[in-house]
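Structure below is model-v8.json: JSON, C-alpha atoms and all ligand atoms.
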[["chain", "number", "residue", "atom", "x", "y", "z"],
["A", 2, "MET", "CA", -80.46, -131.53, -187.33],
["A", 3, "ILE", "CA", -79.23, -128.39, -189.09],
["A", 4, "PHE", "CA", -81.70, -126.68, -191.40],
["A", 5, "ALA", "CA", -82.33, -123.25, -192.87],
["A", 6, "SER", "CA", -85.16, -122.09, -190.61],
["A", 7, "GLY", "CA", -85.62, -118.62, -192.15],
["A", 8, "TRP", "CA", -86.68, -117.35, -188.77],
["A", 9, "PRO", "CA", -86.87, -114.70, -187.39],
["A", 10, "ALA", "CA", -87.39, -112.51, -190.43],
["A", 11, "THR", "CA", -88.83, -109.13, -191.41],
["A", 12, "LEU", "CA", -90.02, -108.67, -194.99],
["A", 13, "ALA", "CA", -91.47, -105.61, -196.69],
["A", 14, "ASP", "CA", -92.95, -104.42, -199.96],
["A", 15, "GLY", "CA", -94.28, -100.85, -200.07],
["A", 16, "PRO", "CA", -96.77, -100.37, -197.21],
["A", 17, "VAL", "CA", -96.95, -104.13, -196.43],
["A", 18, "LEU", "CA", -94.62, -105.37, -193.70],
["A", 19, "LEU", "CA", -94.28, -108.89, -192.32],
["A", 20, "ARG", "CA", -92.56, -109.30, -188.96],
["A", 21, "PRO", "CA", -92.59, -111.57, -185.91],
["A", 22, "TYR", "CA", -95.22, -110.73, -183.28],
["A", 23, "HIS", "CA", -94.15, -108.78, -180.21],
["A", 24, "ARG", "CA", -95.61, -109.06, -176.73],
["A", 25, "ARG", "CA", -96.83, -105.48, -177.08],
["A", 26, "ASP", "CA", -99.14, -106.54, -179.97],
["A", 27, "ALA", "CA", -101.57, -108.09, -177.46],
["A", 28, "ARG", "CA", -104.02, -105.20, -177.19],
["A", 29, "VAL", "CA", -104.31, -104.45, -180.92],
["A", 30, "TRP", "CA", -104.34, -108.15, -181.87],
["A", 31, "SER", "CA", -107.19, -108.75, -179.43],
["A", 32, "ALA", "CA", -109.20, -105.72, -180.59],
["A", 33, "VAL", "CA", -108.85, -106.69, -184.28],
["A", 34, "ARG", "CA", -109.68, -110.35, -183.69],
["A", 35, "ARG", "CA", -112.70, -109.58, -181.50],
["A", 36, "MET", "CA", -114.03, -107.02, -183.97],
["A", 37, "ASN", "CA", -113.69, -109.50, -186.86],
["A", 38, "GLU", "CA", -115.40, -112.56, -185.33],
["A", 39, "GLY", "CA", -118.11, -112.69, -188.02],
["A", 40, "TRP", "CA", -115.54, -112.21, -190.78],
["A", 41, "LEU", "CA", -113.01, -114.78, -189.54],
["A", 42, "ALA", "CA", -114.79, -117.52, -187.56],
["A", 43, "GLN", "CA", -116.41, -119.07, -190.64],
["A", 44, "TRP", "CA", -112.96, -119.85, -192.09],
["A", 45, "GLU", "CA", -110.97, -120.77, -188.98],
["A", 46, "PRO", "CA", -110.45, -124.03, -187.05],
["A", 47, "THR", "CA", -113.36, -124.71, -184.70],
["A", 48, "PRO", "CA", -112.43, -122.85, -181.51],
["A", 49, "PRO", "CA", -112.33, -124.79, -178.21],
["A", 50, "GLY", "CA", -114.23, -122.02, -176.38],
["A", 51, "PRO", "CA", -115.90, -118.61, -176.78],
["A", 52, "TRP", "CA", -114.27, -116.39, -179.43],
["A", 53, "PHE", "CA", -114.23, -113.38, -177.11],
["A", 54, "ASP", "CA", -112.24, -115.23, -174.42],
["A", 55, "LEU", "CA", -109.87, -116.97, -176.82],
["A", 56, "ASN", "CA", -109.03, -113.62, -178.39],
["A", 57, "SER", "CA", -108.45, -111.61, -175.22],
["A", 58, "PRO", "CA", -105.19, -109.69, -174.65],
["A", 59, "SER", "CA", -104.17, -112.27, -172.04],
["A", 60, "SER", "CA", -104.85, -115.19, -174.45],
["A", 61, "PHE", "CA", -102.38, -113.57, -176.81],
["A", 62, "ARG", "CA", -99.61, -114.61, -174.40],
["A", 63, "TYR", "CA", -100.43, -118.29, -174.99],
["A", 64, "VAL", "CA", -100.86, -117.78, -178.73],
["A", 65, "LEU", "CA", -97.47, -116.07, -178.89],
["A", 66, "ARG", "CA", -95.77, -118.76, -176.83],
["A", 67, "GLU", "CA", -97.08, -121.49, -179.14],
["A", 68, "LEU", "CA", -96.14, -119.56, -182.31],
["A", 69, "ARG", "CA", -92.64, -118.92, -180.99],
["A", 70, "ARG", "CA", -92.19, -122.56, -179.98],
["A", 71, "SER", "CA", -93.15, -123.80, -183.48],
["A", 72, "ALA", "CA", -90.90, -121.19, -185.10],
["A", 73, "ARG", "CA", -87.94, -122.08, -182.86],
["A", 74, "ILE", "CA", -88.00, -125.73, -183.91],
["A", 75, "GLY", "CA", -88.32, -124.83, -187.60],
["A", 76, "GLU", "CA", -91.95, -125.87, -187.99],
["A", 77, "ALA", "CA", -93.46, -122.43, -188.62],
["A", 78, "MET", "CA", -92.89, -118.88, -189.83],
["A", 79, "PRO", "CA", -95.69, -116.94, -188.12],
["A", 80, "PHE", "CA", -95.75, -113.37, -189.44],
["A", 81, "ALA", "CA", -97.77, -110.45, -188.16],
["A", 82, "VAL", "CA", -99.00, -108.52, -191.22],
["A", 83, "CYS", "CA", -98.76, -104.74, -190.93],
["A", 84, "TYR", "CA", -100.05, -102.11, -193.33],
["A", 85, "GLN", "CA", -98.61, -98.63, -193.00],
["A", 86, "ASP", "CA", -97.16, -99.77, -189.65],
["A", 87, "GLN", "CA", -100.53, -100.91, -188.31],
["A", 88, "LEU", "CA", -101.15, -104.55, -187.34],
["A", 89, "VAL", "CA", -103.92, -105.74, -189.69],
["A", 90, "GLY", "CA", -103.56, -109.50, -190.03],
["A", 91, "GLN", "CA", -101.49, -112.62, -189.97],
["A", 92, "LEU", "CA", -99.76, -114.87, -192.46],
["A", 93, "SER", "CA", -98.22, -118.11, -191.22],
["A", 94, "ILE", "CA", -96.38, -120.86, -192.94],
["A", 95, "GLY", "CA", -96.98, -123.80, -190.64],
["A", 96, "SER", "CA", -96.81, -127.59, -190.40],
["A", 97, "ILE", "CA", -93.38, -127.40, -192.01],
["A", 98, "VAL", "CA", -91.84, -130.76, -192.75],
["A", 99, "ARG", "CA", -88.22, -130.77, -193.93],
["A", 100, "ARG", "CA", -85.95, -133.61, -195.13],
["A", 101, "ALA", "CA", -87.23, -134.94, -198.49],
["A", 102, "PHE", "CA", -90.47, -132.89, -198.31],
["A", 103, "CYS", "CA", -89.37, -129.31, -197.47],
["A", 104, "SER", "CA", -92.97, -128.15, -197.55],
["A", 105, "GLY", "CA", -95.35, -126.05, -195.47],
["A", 106, "PHE", "CA", -98.95, -124.83, -195.43],
["A", 107, "ALA", "CA", -99.78, -121.12, -195.67],
["A", 108, "GLY", "CA", -102.69, -119.65, -193.72],
["A", 109, "TYR", "CA", -103.75, -116.01, -193.53],
["A", 110, "TRP", "CA", -106.34, -113.43, -192.58],
["A", 111, "VAL", "CA", -106.73, -109.68, -192.77],
["A", 112, "ASP", "CA", -108.93, -107.25, -190.82],
["A", 113, "SER", "CA", -112.13, -106.77, -192.90],
["A", 114, "ARG", "CA", -111.56, -102.99, -192.87],
["A", 115, "PHE", "CA", -108.39, -103.59, -194.93],
["A", 116, "ALA", "CA", -109.76, -106.22, -197.33],
["A", 117, "GLY", "CA", -109.50, -105.69, -201.07],
["A", 118, "ARG", "CA", -106.20, -103.75, -201.08],
["A", 119, "GLY", "CA", -104.00, -106.64, -202.17],
["A", 120, "ILE", "CA", -102.39, -106.87, -198.73],
["A", 121, "ILE", "CA", -102.53, -110.66, -198.42],
["A", 122, "PRO", "CA", -101.39, -111.45, -201.98],
["A", 123, "THR", "CA", -98.39, -109.20, -201.36],
["A", 124, "ALA", "CA", -97.79, -110.81, -197.95],
["A", 125, "LEU", "CA", -98.08, -114.32, -199.38],
["A", 126, "ALA", "CA", -95.70, -113.51, -202.23],
["A", 127, "LEU", "CA", -93.15, -112.09, -199.76],
["A", 128, "ALA", "CA", -93.46, -115.12, -197.47],
["A", 129, "VAL", "CA", -93.24, -117.66, -200.29],
["A", 130, "ASP", "CA", -90.11, -116.05, -201.74],
["A", 131, "HIS", "CA", -88.58, -116.03, -198.27],
["A", 132, "ALA", "CA", -89.59, -119.65, -197.64],
["A", 133, "PHE", "CA", -88.03, -120.72, -200.95],
["A", 134, "SER", "CA", -84.76, -118.91, -200.19],
["A", 135, "ALA", "CA", -83.69, -118.37, -196.56],
["A", 136, "GLY", "CA", -86.39, -120.74, -195.30],
["A", 137, "GLY", "CA", -85.02, -123.68, -197.29],
["A", 138, "LEU", "CA", -88.46, -124.86, -198.47],
["A", 139, "HIS", "CA", -89.33, -126.25, -201.86],
["A", 140, "ARG", "CA", -93.12, -126.25, -201.78],
["A", 141, "ILE", "CA", -95.98, -124.22, -200.28],
["A", 142, "GLU", "CA", -99.55, -125.46, -200.07],
["A", 143, "VAL", "CA", -102.75, -123.55, -199.36],
["A", 144, "ASN", "CA", -106.00, -125.36, -198.56],
["A", 145, "ILE", "CA", -109.19, -123.38, -199.03],
["A", 146, "ARG", "CA", -112.89, -124.12, -198.62],
["A", 147, "PRO", "CA", -114.61, -124.06, -202.03],
["A", 148, "GLU", "CA", -117.03, -121.37, -200.75],
["A", 149, "ASN", "CA", -114.19, -118.99, -199.82],
["A", 150, "ALA", "CA", -114.12, -116.96, -203.03],
["A", 151, "PRO", "CA", -111.86, -114.13, -201.74],
["A", 152, "SER", "CA", -109.19, -116.58, -200.56],
["A", 153, "ARG", "CA", -109.34, -118.57, -203.79],
["A", 154, "ARG", "CA", -108.85, -115.31, -205.68],
["A", 155, "VAL", "CA", -105.67, -114.65, -203.68],
["A", 156, "VAL", "CA", -103.99, -117.90, -204.75],
["A", 157, "GLU", "CA", -105.41, -117.85, -208.26],
["A", 158, "LYS", "CA", -104.14, -114.28, -208.83],
["A", 159, "LEU", "CA", -100.68, -115.44, -207.73],
["A", 160, "GLY", "CA", -100.77, -118.46, -210.03],
["A", 161, "PHE", "CA", -100.87, -121.31, -207.49],
["A", 162, "ARG", "CA", -101.79, -124.64, -209.07],
["A", 163, "GLU", "CA", -105.11, -126.23, -208.16],
["A", 164, "GLU", "CA", -103.95, -129.75, -207.30],
["A", 165, "ALA", "CA", -106.46, -131.59, -205.18],
["A", 166, "TYR", "CA", -109.91, -131.86, -203.71],
["A", 167, "HIS", "CA", -109.93, -132.96, -200.06],
["A", 168, "PRO", "CA", -113.38, -134.08, -198.83],
["A", 169, "ARG", "CA", -114.09, -133.30, -195.14],
["A", 170, "TYR", "CA", -110.47, -132.18, -194.69],
["A", 171, "LEU", "CA", -110.40, -129.77, -191.73],
["A", 172, "HIS", "CA", -112.69, -129.05, -188.79],
["A", 173, "ILE", "CA", -113.68, -125.46, -189.52],
["A", 174, "ASP", "CA", -116.44, -123.44, -187.88],
["A", 175, "GLY", "CA", -118.07, -126.47, -186.27],
["A", 176, "ALA", "CA", -117.90, -129.16, -188.98],
["A", 177, "TRP", "CA", -115.57, -131.19, -191.20],
["A", 178, "ARG", "CA", -115.25, -129.09, -194.37],
["A", 179, "ASP", "CA", -114.12, -129.95, -197.88],
["A", 180, "HIS", "CA", -111.05, -128.06, -199.13],
["A", 181, "ILE", "CA", -109.39, -127.39, -202.46],
["A", 182, "GLY", "CA", -105.64, -127.92, -202.37],
["A", 183, "TYR", "CA", -103.41, -125.40, -204.14],
["A", 184, "GLY", "CA", -99.65, -125.72, -204.43],
["A", 185, "MET", "CA", -96.53, -124.04, -205.74],
["A", 186, "THR", "CA", -92.89, -125.16, -205.89],
["A", 187, "SER", "CA", -89.76, -123.06, -206.15],
["A", 188, "GLU", "CA", -89.29, -124.10, -209.81],
["A", 189, "ASP", "CA", -92.65, -122.51, -210.67],
["A", 190, "VAL", "CA", -91.33, -118.99, -210.05],
["A", 191, "ALA", "CA", -87.56, -119.39, -210.46],
["A", 192, "ASP", "CA", -87.51, -118.07, -214.02],
["A", 193, "GLU", "CA", -89.60, -115.03, -213.09],
["A", 194, "GLY", "CA", -87.38, -113.71, -210.29],
["A", 195, "GLY", "CA", -89.75, -115.00, -207.60],
["A", 196, "LEU", "CA", -93.42, -114.73, -206.70],
["A", 197, "LEU", "CA", -93.32, -111.07, -205.66],
["A", 198, "ALA", "CA", -91.85, -110.13, -209.05],
["A", 199, "ARG", "CA", -94.62, -112.13, -210.71],
["A", 200, "TRP", "CA", -97.27, -110.43, -208.54],
["A", 201, "HIS", "CA", -95.91, -106.97, -209.35],
["A", 202, "ARG", "CA", -95.94, -107.74, -213.05],
["A", 203, "LEU", "CA", -99.47, -109.19, -213.00],
["A", 204, "SER", "CA", -100.96, -106.46, -210.82],
["A", 205, "GLN", "CA", -99.48, -103.72, -212.99],
["A", 206, "ARG", "CA", -101.06, -105.32, -216.03],
["A", 207, "ALA", "CA", -104.52, -105.60, -214.38],
["A", 301, "LIG", "C1", -109.05, -114.05, -198.01],
["A", 301, "LIG", "C2", -108.46, -112.72, -197.53],
["A", 301, "LIG", "C3", -107.25, -113.03, -196.64],
["A", 301, "LIG", "C4", -108.01, -111.90, -198.75],
["A", 301, "LIG", "O1", -107.14, -110.84, -198.36],
["A", 301, "LIG", "P1", -107.10, -109.43, -199.13],
["A", 301, "LIG", "O2", -105.89, -108.72, -198.66],
["A", 301, "LIG", "O3", -108.40, -108.75, -199.02],
["A", 301, "LIG", "O4", -106.89, -109.92, -200.67],
["A", 301, "LIG", "P2", -107.24, -109.08, -201.99],
["A", 301, "LIG", "O5", -107.17, -107.64, -201.74],
["A", 301, "LIG", "O6", -106.42, -109.67, -203.06],
["A", 301, "LIG", "O7", -108.77, -109.47, -202.28],
["A", 301, "LIG", "C5", -109.10, -110.81, -202.67],
["A", 301, "LIG", "C6", -110.52, -110.85, -203.19],
["A", 301, "LIG", "O8", -111.42, -110.54, -202.13],
["A", 301, "LIG", "C7", -112.59, -109.91, -202.68],
["A", 301, "LIG", "N1", -112.83, -108.70, -201.91],
["A", 301, "LIG", "C8", -112.30, -107.46, -202.08],
["A", 301, "LIG", "N2", -112.77, -106.62, -201.13],
["A", 301, "LIG", "C9", -113.58, -107.35, -200.34],
["A", 301, "LIG", "C10", -114.37, -107.05, -199.20],
["A", 301, "LIG", "N3", -114.37, -105.82, -198.67],
["A", 301, "LIG", "N4", -115.07, -108.04, -198.64],
["A", 301, "LIG", "C11", -115.06, -109.29, -199.15],
["A", 301, "LIG", "N5", -114.33, -109.63, -200.24],
["A", 301, "LIG", "C12", -113.62, -108.67, -200.83],
["A", 301, "LIG", "C13", -112.34, -109.65, -204.13],
["A", 301, "LIG", "O9", -112.99, -110.69, -204.86],
["A", 301, "LIG", "C14", -110.85, -109.81, -204.26],
["A", 301, "LIG", "O10", -110.47, -110.34, -205.50],
["A", 301, "LIG", "P3", -110.20, -109.34, -206.76],
["A", 301, "LIG", "O11", -108.89, -108.66, -206.48],
["A", 301, "LIG", "O12", -110.14, -110.22, -207.93],
["A", 301, "LIG", "O13", -111.32, -108.36, -206.79],
["A", 301, "LIG", "C15", -109.50, -111.90, -196.71],
["A", 301, "LIG", "O14", -110.68, -111.82, -197.48],
["A", 301, "LIG", "C16", -109.81, -112.51, -195.35],
["A", 301, "LIG", "O15", -109.10, -112.26, -194.38],
["A", 301, "LIG", "N6", -110.89, -113.31, -195.26],
["A", 301, "LIG", "C17", -111.28, -113.93, -193.99],
["A", 301, "LIG", "C18", -110.28, -114.98, -193.51],
["A", 301, "LIG", "C19", -109.96, -116.00, -194.57],
["A", 301, "LIG", "O16", -110.78, -116.36, -195.40],
["A", 301, "LIG", "N7", -108.71, -116.53, -194.53],
["A", 301, "LIG", "C20", -108.26, -117.52, -195.49],
["A", 301, "LIG", "C21", -108.70, -118.88, -195.13],
["A", 301, "LIG", "S1", -108.19, -120.07, -196.38]]

As structure tokens - that is how I would like this structure written.
Amino acid sequence: MIFASGWPATLADGPVLLRPYHRRDARVWSAVRRMNEGWLAQWEPTPPGPWFDLNSPSSFRYVLRELRRSARIGEAMPFAVCYQDQLVGQLSIGSIVRRAFCSGFAGYWVDSRFAGRGIIPTALALAVDHAFSAGGLHRIEVNIRPENAPSRRVVEKLGFREEAYHPRYLHIDGAWRDHIGYGMTSEDVADEGGLLARWHRLSQRA
């Protein structure tokens, strides 16, 4: 089947750059992930083993292979997030279903040392605009645990719609956790020149 995969892609806005991972990211990726265990593990899928081992430089090879495989078949857009050319996080649009749905789920994290600078809202706006254009998608969803106030702020600042409450939705940090479902379609931002334009306008006003 022919579809607009939107991958590979490199997107930028000021100091925030989204790009595919490279094999040479292994060492920095591992260091950042290991350093941020306490910050990230509470919000991530229950890991099948020790965090330290799953986030080693050699594990990155398997992570990368899986991300590339999903991207190649049009099911994911897995971006490394860089700030001033430094790898600081990840933003993926995954579980993409095309045909009549043309939808995907966004997931993201940033190194705690770089939190609070608007990096992920900018990254999400870039990725959503790309997904709605070159990526051929119509809808992006984000599912967030009710307790995750910083992540809820990200989508609320960008104007995602709160659409659903999913009891015991995902197995996160050792248990089935409730999630709030947020969504946005391409029509929601078409009149505003896209989500990045909206984000620029709103953040200038704040
Ligand atoms: C959620 C997350 C990606 C936000 O990224 P970010 O680039 O810091 O986003 P922002 O700069 O817009 O900050 C979002 C909110 O976090 C809060 N925040 C800011 N600095 C913070 C800090 N140092 N520590 C904790 N929260 C902070 C603020 O409430 C901010 O909202 P505000 O702009 O209204 O003040 C980041 O907190 C993170 O990686 N958390 C751990 C992983 C995670 O939760 N992933 C999402 C799972 S759904």

Legend entry - Within-10 Å residues of ligand LIG 301 (chain A), basis all atoms listed in the file, as a VMD selection string: chain A and resid 37 to 46 89 to 92 107 to 125 143 to 159 173 180 to 181 204 207

Inset, instruction - Please indicate the distance in Å from CA of Cys83 in chain A to CA of Leu18 in chain A, rounded to one decimal place. - result: 5.0 Å

Inset, instruction - Give me the residues within 12 Å of Val64 in chain A as a PyMOL selection string, counting only C-alpha atoms and dropping any in the same chain fewer than 5 places off. - result: chain A and resi 22-24+26-27+30-31+55-59+69-71+79

Inset, instruction - Have a look at CA of Ala10 in chain A and CA of Ala132 in chain A and let me know their distance in Å, one decimal. - result: 10.4 Å

Inset, instruction - Calculate how many Å separate CA of Leu12 in chain A from CA of Trp52 in chain A, rounding to one decimal. - result: 29.8 Å

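Minimum distance to Gly194 in chain A across A:Glu76, A:Asp130, A:Asp14, A:Asp86 (counting all atoms listed in the file) occurs at A:Asp130.
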